[in-house]
$ cat query_14.csv   # CSV, C-alpha atoms
chain,number,residue,atom,x,y,z
A,1,MET,CA,91.9,-63.4,62.5
A,2,ARG,CA,89.1,-65.2,60.7
A,3,ARG,CA,87.1,-61.9,60.4
A,4,TYR,CA,90.1,-60.2,58.9
A,5,LYS,CA,90.6,-63.0,56.3
A,6,LYS,CA,86.9,-62.9,55.5
A,7,HIS,CA,87.1,-59.1,55.0
A,8,ALA,CA,90.2,-59.4,52.9
A,9,ALA,CA,88.5,-62.1,50.7
A,10,LEU,CA,85.5,-59.8,50.2
A,11,SER,CA,87.7,-56.9,49.3
A,12,PHE,CA,89.7,-59.0,46.9
A,13,SER,CA,86.6,-60.3,45.1
A,14,TYR,CA,85.0,-56.8,44.9
A,15,PHE,CA,88.2,-55.3,43.6
A,16,VAL,CA,88.8,-57.9,40.9
A,17,ALA,CA,85.1,-58.0,39.9
A,18,ASN,CA,85.1,-54.2,39.4
A,19,ARG,CA,88.3,-54.4,37.3
A,20,ILE,CA,87.1,-57.1,34.9
A,21,THR,CA,83.5,-55.7,34.6
A,22,PHE,CA,84.0,-52.0,34.2
A,23,LYS,CA,87.7,-51.5,33.4
A,24,SER,CA,88.3,-54.3,30.9
A,25,LYS,CA,90.0,-53.3,27.7
A,26,ARG,CA,88.9,-56.4,25.8
A,27,THR,CA,86.5,-55.3,23.1
A,28,PHE,CA,84.6,-58.6,22.9
A,29,SER,CA,84.0,-58.7,26.7
A,30,LYS,CA,82.6,-55.1,26.6
A,31,LEU,CA,80.2,-56.1,23.8
A,32,ILE,CA,79.0,-59.1,25.7
A,33,VAL,CA,78.5,-57.1,28.9
A,34,ARG,CA,76.5,-54.5,27.1
A,35,ILE,CA,74.3,-57.1,25.4
A,36,ALA,CA,73.7,-58.7,28.8
A,37,ILE,CA,72.7,-55.4,30.4
A,38,ILE,CA,70.4,-54.5,27.5
A,39,GLY,CA,68.8,-57.9,27.7
A,40,ILE,CA,68.0,-57.5,31.4
A,41,MET,CA,66.9,-53.9,30.8
A,42,LEU,CA,64.4,-54.9,28.1
A,43,GLY,CA,63.2,-58.0,29.9
A,44,LEU,CA,62.5,-56.1,33.2
A,45,GLY,CA,61.1,-53.1,31.4
A,46,VAL,CA,58.7,-55.3,29.4
A,47,MET,CA,57.6,-57.2,32.6
A,48,ILE,CA,56.9,-53.9,34.4
A,49,LEU,CA,54.9,-52.6,31.5
A,50,SER,CA,53.0,-55.8,31.0
A,51,LEU,CA,51.8,-55.9,34.6
A,52,ALA,CA,51.0,-52.1,34.5
A,53,ILE,CA,49.0,-52.5,31.3
A,54,VAL,CA,47.0,-55.5,32.6
A,55,ARG,CA,46.2,-53.7,35.8
A,56,GLY,CA,45.2,-50.6,33.9
A,57,PHE,CA,42.9,-52.6,31.6
A,58,LYS,CA,41.2,-54.4,34.4
A,59,GLN,CA,40.8,-51.2,36.4
A,60,GLU,CA,39.4,-49.1,33.5
A,61,ILE,CA,37.0,-51.7,32.3
A,62,ARG,CA,35.8,-52.6,35.8
A,63,GLU,CA,35.2,-48.9,36.6
A,64,LYS,CA,33.2,-48.4,33.4
A,65,ILE,CA,31.0,-51.4,34.2
A,66,ARG,CA,30.6,-50.4,37.8
A,67,GLY,CA,29.8,-46.8,36.8
A,68,PHE,CA,26.8,-48.0,34.8
A,69,SER,CA,25.6,-51.1,36.6
A,70,GLY,CA,27.0,-50.7,40.1
A,71,ASP,CA,28.7,-53.6,41.9
A,72,MET,CA,25.5,-55.6,42.6
A,73,GLU,CA,21.8,-55.7,41.6
A,74,VAL,CA,19.0,-56.7,43.9
A,75,VAL,CA,15.9,-57.9,41.8
A,76,LYS,CA,12.9,-60.1,42.4
A,77,LEU,CA,13.4,-63.8,42.9
A,78,ASP,CA,11.7,-65.4,39.9
A,79,LEU,CA,12.4,-67.0,36.5
A,80,ASN,CA,12.2,-63.7,34.6
A,81,ASN,CA,15.2,-63.5,32.2
A,82,SER,CA,14.0,-60.7,30.0
A,83,ASN,CA,15.3,-57.1,29.8
A,84,GLU,CA,12.3,-56.0,31.9
A,85,TYR,CA,12.7,-56.9,35.6
A,86,SER,CA,9.6,-57.9,37.6
A,87,PRO,CA,8.4,-55.2,40.0
A,88,PHE,CA,8.4,-55.4,43.8
A,89,GLN,CA,7.7,-53.0,46.6
A,90,ALA,CA,10.5,-50.6,47.6
A,91,ASP,CA,11.8,-51.6,51.1
A,92,PRO,CA,13.2,-48.7,53.2
A,93,VAL,CA,14.0,-51.1,56.0
A,94,PHE,CA,16.2,-53.3,53.7
A,95,VAL,CA,18.0,-50.1,52.4
A,96,LYS,CA,18.7,-48.9,55.9
A,97,LYS,CA,20.1,-52.3,56.9
A,98,ALA,CA,22.3,-52.5,53.8
A,99,LEU,CA,23.7,-49.0,54.4
A,100,ALA,CA,24.4,-49.8,58.0
A,101,GLY,CA,27.2,-52.1,57.1
A,102,HIS,CA,30.7,-50.8,56.2
A,103,LEU,CA,30.9,-52.4,52.8
A,104,ILE,CA,27.9,-50.8,50.9
A,105,THR,CA,27.9,-47.1,50.1
A,106,ASN,CA,24.9,-46.6,47.8
A,107,VAL,CA,21.5,-48.4,47.3
A,108,MET,CA,19.7,-46.8,44.3
A,109,PRO,CA,16.3,-47.9,42.9
A,110,PHE,CA,15.9,-48.5,39.1
A,111,ALA,CA,13.7,-50.2,36.5
A,112,THR,CA,14.2,-51.2,32.9
A,113,LYS,CA,11.8,-51.4,29.9
A,114,PRO,CA,12.5,-52.3,26.3
A,115,GLY,CA,11.5,-49.7,23.7
A,116,ILE,CA,12.0,-48.7,20.0
A,117,ILE,CA,13.3,-45.2,19.2
A,118,LYS,CA,12.1,-43.6,15.9
A,119,ALA,CA,14.0,-40.7,14.6
A,120,ASN,CA,15.1,-39.3,11.1
A,121,GLY,CA,13.4,-42.2,9.4
A,122,GLU,CA,15.4,-44.8,11.3
A,123,ILE,CA,14.4,-47.1,14.2
A,124,GLU,CA,16.6,-48.6,16.9
A,125,GLY,CA,15.7,-51.1,19.6
A,126,VAL,CA,17.0,-50.1,23.1
A,127,VAL,CA,16.4,-50.7,26.8
A,128,LEU,CA,15.3,-47.7,28.9
A,129,LYS,CA,16.9,-47.7,32.3
A,130,GLY,CA,14.9,-45.6,34.7
A,131,VAL,CA,16.6,-43.9,37.7
A,132,ASP,CA,15.5,-41.4,40.3
A,133,LYS,CA,17.0,-38.4,42.1
A,134,SER,CA,19.0,-40.6,44.4
A,135,TYR,CA,21.1,-41.9,41.5
A,136,ASP,CA,24.9,-41.3,41.7
A,137,TRP,CA,25.9,-39.5,38.5
A,138,THR,CA,29.6,-39.2,39.4
A,139,PHE,CA,31.0,-41.7,36.9
A,140,PHE,CA,28.2,-40.9,34.3
A,141,LYS,CA,29.3,-37.2,34.2
A,142,LYS,CA,32.9,-38.4,33.3
A,143,SER,CA,31.4,-40.3,30.3
A,144,LEU,CA,29.3,-37.5,29.0
A,145,LEU,CA,30.4,-36.3,25.6
A,146,ALA,CA,27.7,-33.6,25.3
A,147,GLY,CA,24.8,-32.2,27.3
A,148,ARG,CA,23.9,-32.8,30.9
A,149,VAL,CA,22.5,-35.5,33.1
A,150,ILE,CA,18.8,-35.6,33.9
A,151,ASP,CA,17.5,-32.8,36.1
A,152,PHE,CA,14.9,-34.2,38.7
A,153,LYS,CA,14.0,-30.8,40.1
A,154,ASP,CA,10.9,-30.7,37.9
A,155,SER,CA,9.2,-34.2,38.0
A,156,ILE,CA,7.2,-33.5,34.9
A,157,GLU,CA,10.1,-32.3,32.8
A,158,SER,CA,12.4,-35.0,34.0
A,159,ARG,CA,10.1,-37.6,32.4
A,160,LYS,CA,10.7,-36.0,29.0
A,161,GLN,CA,14.5,-36.1,29.3
A,162,LEU,CA,16.7,-38.9,27.9
A,163,LEU,CA,20.4,-39.8,27.8
A,164,ILE,CA,21.6,-41.8,24.8
A,165,SER,CA,24.9,-43.3,23.9
A,166,GLN,CA,27.2,-41.9,21.1
A,167,THR,CA,26.6,-45.2,19.3
A,168,THR,CA,22.8,-44.7,19.2
A,169,ALA,CA,23.2,-41.0,18.4
A,170,ASN,CA,25.4,-41.9,15.4
A,171,ARG,CA,23.0,-44.5,14.1
A,172,LEU,CA,20.0,-42.2,14.3
A,173,ARG,CA,21.8,-39.0,13.5
A,174,LEU,CA,20.9,-37.3,16.8
A,175,LYS,CA,22.4,-34.5,18.9
A,176,VAL,CA,21.6,-32.8,22.2
A,177,GLY,CA,18.3,-31.0,22.1
A,178,ASP,CA,16.7,-33.2,19.4
A,179,LYS,CA,13.2,-34.6,20.0
A,180,ILE,CA,12.5,-38.3,19.4
A,181,LEU,CA,9.6,-40.8,19.8
A,182,MET,CA,10.0,-44.0,21.7
A,183,TYR,CA,7.5,-46.8,21.4
A,184,PHE,CA,6.9,-49.3,24.1
A,185,VAL,CA,5.5,-52.7,23.0
A,186,GLN,CA,2.7,-53.5,25.4
A,187,GLU,CA,-1.0,-53.7,25.4
A,188,PRO,CA,-2.1,-51.1,24.5
A,189,LEU,CA,0.9,-49.8,22.5
A,190,ARG,CA,2.3,-46.7,24.0
A,191,PHE,CA,4.7,-44.0,22.9
A,192,ARG,CA,6.4,-41.0,24.5
A,193,GLN,CA,8.2,-38.0,23.1
A,194,PHE,CA,11.6,-37.3,24.6
A,195,THR,CA,14.3,-34.5,24.4
A,196,ILE,CA,17.9,-35.6,24.2
A,197,LYS,CA,19.4,-34.2,27.3
A,198,GLY,CA,22.9,-35.7,27.0
A,199,ILE,CA,25.1,-38.1,25.0
A,200,PHE,CA,27.4,-40.5,26.8
A,201,SER,CA,30.0,-43.1,25.8
A,202,PHE,CA,31.2,-45.9,28.1
A,203,GLY,CA,33.1,-47.8,25.4
A,204,ILE,CA,31.4,-51.0,26.4
A,205,ASP,CA,29.3,-52.4,23.5
A,206,GLU,CA,26.9,-54.2,25.9
A,207,VAL,CA,26.0,-50.8,27.4
A,208,ASP,CA,26.4,-48.4,24.5
A,209,LYS,CA,24.4,-50.4,22.0
A,210,THR,CA,21.6,-51.3,24.4
A,211,TYR,CA,20.8,-48.7,27.0
A,212,VAL,CA,19.3,-45.2,27.2
A,213,ILE,CA,18.7,-43.5,30.6
A,214,GLY,CA,15.5,-41.9,31.7
A,215,ASP,CA,13.2,-41.3,34.7
A,216,LEU,CA,12.2,-44.2,36.9
A,217,SER,CA,8.7,-42.6,37.5
A,218,LEU,CA,8.0,-42.8,33.7
A,219,ILE,CA,8.5,-46.6,33.7
A,220,ASN,CA,6.3,-46.8,36.8
A,221,ARG,CA,3.5,-45.0,35.0
A,222,LEU,CA,3.9,-46.9,31.8
A,223,ASN,CA,3.6,-50.2,33.6
A,224,ASN,CA,0.7,-49.0,35.8
A,225,TRP,CA,2.7,-50.0,38.9
A,226,GLU,CA,2.0,-48.9,42.4
A,227,PRO,CA,3.8,-45.6,43.3
A,228,ASP,CA,6.4,-47.4,45.4
A,229,GLN,CA,7.1,-50.3,43.1
A,230,ILE,CA,10.5,-50.6,41.4
A,231,GLY,CA,12.4,-53.0,39.2
A,232,GLY,CA,15.5,-53.4,41.4
A,233,TYR,CA,18.2,-51.8,43.5
A,234,GLU,CA,21.6,-50.9,42.1
A,235,ILE,CA,24.2,-51.2,44.8
A,236,LYS,CA,27.7,-49.8,45.1
A,237,THR,CA,30.4,-51.1,47.5
A,238,ILE,CA,33.3,-49.3,49.1
A,239,ASP,CA,35.8,-51.5,47.3
A,240,PHE,CA,35.4,-53.7,44.2
A,241,ASP,CA,37.7,-56.3,45.8
A,242,LYS,CA,35.2,-56.7,48.5
A,243,VAL,CA,32.2,-57.3,46.3
A,244,ASN,CA,31.9,-61.0,47.2
A,245,ASP,CA,32.0,-60.1,50.9
A,246,ALA,CA,29.3,-57.5,50.4
A,247,ASP,CA,27.2,-60.0,48.5
A,248,SER,CA,27.5,-62.5,51.3
A,249,ALA,CA,26.6,-59.9,53.9
A,250,LEU,CA,23.6,-58.8,51.7
A,251,ASP,CA,22.3,-62.4,51.6
A,252,ASN,CA,21.8,-62.3,55.4
A,253,ILE,CA,19.4,-59.3,55.2
A,254,LEU,CA,17.7,-59.9,51.8
A,255,PRO,CA,13.9,-60.3,52.0
A,256,VAL,CA,12.8,-63.7,51.0
A,257,LYS,CA,11.4,-62.7,47.6
A,258,LEU,CA,14.5,-60.9,46.4
A,259,LYS,CA,17.9,-62.1,45.1
A,260,SER,CA,21.3,-60.4,44.5
A,261,ASN,CA,23.6,-60.6,41.5
A,262,THR,CA,27.1,-59.3,41.3
A,263,VAL,CA,28.4,-57.4,38.3
A,264,MET,CA,30.5,-60.5,37.5
A,265,ASP,CA,27.2,-62.5,37.1
A,266,THR,CA,25.7,-59.7,35.0
A,267,TYR,CA,28.7,-59.4,32.6
A,268,PRO,CA,30.4,-62.9,32.7
A,269,THR,CA,31.9,-62.6,29.2
A,270,ILE,CA,33.8,-59.4,30.0
A,271,PHE,CA,35.2,-60.7,33.3
A,272,ALA,CA,36.2,-64.0,31.8
A,273,TRP,CA,38.2,-62.0,29.2
A,274,LEU,CA,39.8,-60.0,32.0
A,275,ASP,CA,40.8,-63.3,33.8
A,276,LEU,CA,42.5,-64.5,30.6
A,277,LEU,CA,44.7,-61.4,30.6
A,278,ASP,CA,46.3,-62.7,33.9
A,279,GLY,CA,47.3,-65.9,32.1
A,280,ASN,CA,48.8,-64.1,29.2
A,281,THR,CA,50.8,-61.9,31.5
A,282,GLY,CA,52.2,-64.9,33.3
A,283,VAL,CA,53.5,-66.2,29.9
A,284,VAL,CA,55.1,-62.9,29.1
A,285,LEU,CA,56.8,-62.7,32.5
A,286,GLY,CA,58.1,-66.2,32.1
A,287,LEU,CA,59.6,-65.6,28.7
A,288,MET,CA,61.2,-62.3,29.7
A,289,ILE,CA,62.8,-64.0,32.8
A,290,ILE,CA,64.2,-66.8,30.5
A,291,VAL,CA,65.6,-64.2,28.1
A,292,ALA,CA,67.3,-62.4,30.9
A,293,VAL,CA,68.8,-65.6,32.4
A,294,ILE,CA,70.1,-66.8,29.0
A,295,ASN,CA,71.8,-63.4,28.5
A,296,MET,CA,73.4,-63.5,31.9
A,297,VAL,CA,74.6,-67.1,31.7
A,298,SER,CA,76.1,-66.5,28.3
A,299,ALA,CA,77.8,-63.3,29.4
A,300,LEU,CA,79.3,-65.0,32.5
A,301,LEU,CA,80.5,-68.0,30.6
A,302,ILE,CA,82.3,-65.8,28.0
A,303,ILE,CA,83.8,-63.6,30.8
A,304,ILE,CA,85.1,-66.8,32.6
A,305,LEU,CA,86.5,-68.3,29.4
A,306,GLU,CA,88.2,-65.0,28.5
A,307,ARG,CA,89.7,-64.9,32.0
A,308,THR,CA,91.0,-68.5,32.1
A,309,ALA,CA,94.6,-67.3,32.3
A,310,MET,CA,93.8,-64.9,35.1
A,311,ILE,CA,92.0,-67.7,37.0
A,312,GLY,CA,95.1,-69.9,36.7
A,313,ILE,CA,97.4,-67.2,37.9
A,314,LEU,CA,95.1,-66.4,40.9
A,315,LYS,CA,95.0,-70.1,41.8
A,316,ALA,CA,98.8,-70.3,41.5
A,317,MET,CA,99.0,-67.4,43.9
A,318,GLY,CA,96.8,-69.3,46.5
A,319,ALA,CA,93.3,-68.0,45.7
A,320,THR,CA,90.6,-70.6,46.5
A,321,ASN,CA,87.8,-71.7,44.2
A,322,ARG,CA,85.3,-70.0,46.4
A,323,SER,CA,87.0,-66.6,46.3
A,324,ILE,CA,87.4,-66.8,42.5
A,325,GLN,CA,83.7,-67.8,42.2
A,326,ALA,CA,82.9,-64.8,44.4
A,327,VAL,CA,84.7,-62.6,41.9
A,328,PHE,CA,82.4,-63.7,39.1
A,329,PHE,CA,79.3,-63.6,41.3
A,330,ASN,CA,80.1,-60.0,42.1
A,331,SER,CA,80.7,-59.3,38.4
A,332,ALA,CA,77.3,-60.8,37.6
A,333,PHE,CA,75.7,-58.8,40.4
A,334,TYR,CA,77.1,-55.6,39.0
A,335,LEU,CA,75.7,-56.4,35.5
A,336,ILE,CA,72.3,-57.4,36.8
A,337,GLY,CA,72.1,-54.3,39.0
A,338,ILE,CA,72.8,-52.0,36.1
A,339,GLY,CA,70.4,-53.8,33.9
A,340,MET,CA,67.7,-53.7,36.5
A,341,LEU,CA,68.2,-50.0,37.2
A,342,LEU,CA,68.0,-49.2,33.4
A,343,GLY,CA,65.0,-51.6,33.1
A,344,ASN,CA,63.1,-49.7,35.9
A,345,LEU,CA,63.8,-46.4,34.2
A,346,PHE,CA,62.7,-47.8,30.9
A,347,GLY,CA,59.5,-49.5,32.1
A,348,ILE,CA,58.4,-46.8,34.5
A,349,GLY,CA,59.4,-44.0,32.1
A,350,ILE,CA,57.4,-45.4,29.2
A,351,GLY,CA,54.5,-46.1,31.5
A,352,LEU,CA,54.4,-42.5,32.8
A,353,LEU,CA,54.8,-41.1,29.3
A,354,GLN,CA,51.8,-43.2,28.2
A,355,SER,CA,49.7,-42.1,31.3
A,356,PHE,CA,50.2,-38.4,30.5
A,357,THR,CA,50.1,-38.4,26.7
A,358,HIS,CA,48.1,-41.6,25.7
A,359,PHE,CA,50.4,-41.8,22.6
A,360,LEU,CA,49.6,-45.6,22.3
A,361,THR,CA,46.1,-45.8,21.0
A,362,LEU,CA,43.6,-48.7,20.6
A,363,ASP,CA,40.5,-49.6,18.7
A,364,GLN,CA,37.7,-48.8,21.2
A,365,GLU,CA,35.3,-51.3,19.6
A,366,SER,CA,37.7,-54.2,20.3
A,367,TYR,CA,39.3,-53.1,23.6
A,368,TYR,CA,36.6,-51.0,25.2
A,369,MET,CA,38.9,-47.9,25.3
A,370,ASN,CA,40.8,-45.8,22.8
A,371,PHE,CA,44.2,-45.8,24.6
A,372,VAL,CA,46.5,-48.2,26.4
A,373,PRO,CA,45.8,-47.7,30.2
A,374,ILE,CA,48.6,-47.9,32.7
A,375,GLN,CA,48.4,-48.5,36.4
A,376,PHE,CA,51.5,-49.0,38.5
A,377,ASN,CA,51.5,-50.9,41.8
A,378,TRP,CA,54.5,-50.7,44.1
A,379,THR,CA,54.0,-54.2,45.3
A,380,ASP,CA,54.3,-55.5,41.7
A,381,LEU,CA,57.4,-53.4,41.1
A,382,ILE,CA,59.2,-54.7,44.3
A,383,LEU,CA,58.3,-58.3,43.6
A,384,ILE,CA,59.3,-58.2,40.0
A,385,ASN,CA,62.7,-56.7,40.9
A,386,LEU,CA,63.4,-59.1,43.8
A,387,GLY,CA,62.2,-62.1,41.7
A,388,THR,CA,64.4,-61.0,38.7
A,389,LEU,CA,67.5,-60.5,41.0
A,390,PHE,CA,67.0,-63.9,42.8
A,391,ILE,CA,66.4,-66.0,39.6
A,392,CYS,CA,69.3,-64.4,37.7
A,393,MET,CA,71.7,-64.8,40.6
A,394,LEU,CA,70.5,-68.4,41.1
A,395,ALA,CA,71.2,-69.1,37.5
A,396,MET,CA,74.8,-67.9,37.9
A,397,VAL,CA,75.7,-70.8,40.2
A,398,LEU,CA,76.1,-73.4,37.4
A,399,PRO,CA,78.4,-71.3,35.1
A,400,SER,CA,80.5,-70.2,38.1
A,401,MET,CA,81.2,-73.9,38.8
A,402,LEU,CA,83.3,-73.9,35.7
A,403,VAL,CA,86.0,-72.1,37.8
A,404,THR,CA,86.5,-75.3,39.9
A,405,GLN,CA,87.5,-77.2,36.7
A,406,ILE,CA,90.3,-74.9,35.7
A,407,THR,CA,93.8,-75.9,36.8
A,408,PRO,CA,96.6,-73.4,37.1
A,409,VAL,CA,99.1,-75.2,34.7
A,410,LYS,CA,96.5,-75.6,31.9
A,411,ALA,CA,95.1,-72.1,32.4
A,412,ILE,CA,98.4,-70.3,32.2
A,413,ARG,CA,99.4,-72.4,29.1
A,414,PHE,CA,95.9,-71.5,27.6
A,415,LYS,CA,97.0,-67.9,27.6
$ encode --input "query_14.csv" --output "structure tokens"
Amino acid sequence: MRRYKKHAALSFSYFVANRITFKSKRTFSKLIVRIAIIGIMLGLGVMILSLAIVRGFKQEIREKIRGFSGDMEVVKLDLNNSNEYSPFQADPVFVKKALAGHLITNVMPFATKPGIIKANGEIEGVVLKGVDKSYDWTFFKKSLLAGRVIDFKDSIESRKQLLISQTTANRLRLKVGDKILMYFVQEPLRFRQFTIKGIFSFGIDEVDKTYVIGDLSLINRLNNWEPDQIGGYEIKTIDFDKVNDADSALDNILPVKLKSNTVMDTYPTIFAWLDLLDGNTGVVLGLMIIVAVINMVSALLIIILERTAMIGILKAMGATNRSIQAVFFNSAFYLIGIGMLLGNLFGIGIGLLQSFTHFLTLDQESYYMNFVPIQFNWTDLILINLGTLFICMLAMVLPSMLVTQITPVKAIRFK
């Protein structure tokens, strides 16, 4: 008997809620309902896009920096803070131990040396980063605008090849195939002639304005190092989120005279800026939730006030406060559900459109890329939807309490 009454109460609340929400002939109620739905749609859509854009920004910028510098660097343990790392002997045993773990995928030797490029009557200070045939060019090839990467098949020719950034090429009016002179400030002063093999653009000022890429063996010869001496190891991990774990594991096998730096240590300003984006996103999410809640509370209050006479009649017929509250809860649930459905379509739709067309553009010098990046995460989408539904329904408790204050006599007279 109790189960039958409970089922009847639920059927009653669903039926009445459906009538007053979707089949109401009152123009003002329809307008308020539409405004509430649009408010939830825009709020949820903006929240979805905000998280997707922040994730996209962080992913794109991290991948660009990782593509150039790797996830970690191993260099000599000393007080040298210049752009030219101190040399040390390459250690095959260390490389083997590092690759034996499941976190590290690549260990590549490199060296750096400051220089001055002279071309077309102009000069430009740069840092030559030397790599060898073991270097992973995967990300570099994606960033090439013209030309090719260095070919190490001929060791003599590879020392004459150079990759420069689009920024440097524009300043010095250079193109692929041009020959340039680079001077190295040392005692005695040395210079070498290079051929521009390729032009790249990472969109990161700290990289594009500073570095050119050449052969590691050239730096070795210029510095009169031993044949097996290098400036450091560039290390890539299997997953950026595990960089700190990889760094801790690396500390256990590092030779005494070496140290490791993560990419966050190398580029602290950029990663601090990325962390600020998370705080800004939290503010946006909070504001959108508040807007959605205010819209829903306002809509429910107006619907209740417009239905005061109906509430009085239902109470006079024996309906309880709880069953009438359930009517308006179901009505609010319908509105929230429609708004959330449209919000998902709006947010995900705009995001997918941007992913395929890049119609929203940016100033690359300020944002490190020329379009707004989008990266959706299913966990984010589920949590945003559940959080929005929970908070909006929770906010409905207070206005629904207004039902308990309405008496049948006054309500019917109010009509």
$ closest_residue --input "query_14.csv" --among "A:Lys64, A:Lys236, A:Lys257, A:Arg55" --to "Asp208 (chain A)" --atoms "only C-alpha atoms"
A:Lys64
$ residues_around --input "query_14.csv" --residues "region 95-104 of chain A" --least-positions-apart "3" --cutoff "12 Å" --atoms "only C-alpha atoms" --output "VMD selection string"
chain A and resid 70 to 72 74 90 to 92 107 to 109 232 to 255
$ atom_distance --input "query_14.csv" --atom1 "CA of Val291 (chain A)" --atom2 "CA of Gln354 (chain A)"
25.1 Å
$ closest_residue --input "query_14.csv" --among "A:Gln186, A:Ser298, A:Asn106, A:Ser50" --to "Pro373 (chain A)" --atoms "all atoms listed in the file"
A:Ser50
$ closest_residue --input "query_14.csv" --among "A:Val403, A:Thr167, A:Leu285, A:Phe371" --to "Arg307 (chain A)" --atoms "only C-alpha atoms"
A:Val403
$ closest_residue --input "query_14.csv" --among "A:Ala319, A:Leu301, A:Val293, A:Ile270" --to "Ser366 (chain A)" --atoms "only C-alpha atoms"
A:Ile270
$ residues_around --input "query_14.csv" --residues "Pro188 (chain A)" --least-positions-apart "5" --cutoff "12 Å" --atoms "only C-alpha atoms" --output "list in words"
Tyr183, Leu222, Asn223 and Asn224 of chain A
$ atom_distance --input "query_14.csv" --atom1 "CA of Ile164 (chain A)" --atom2 "CA of Leu362 (chain A)"
23.4 Å
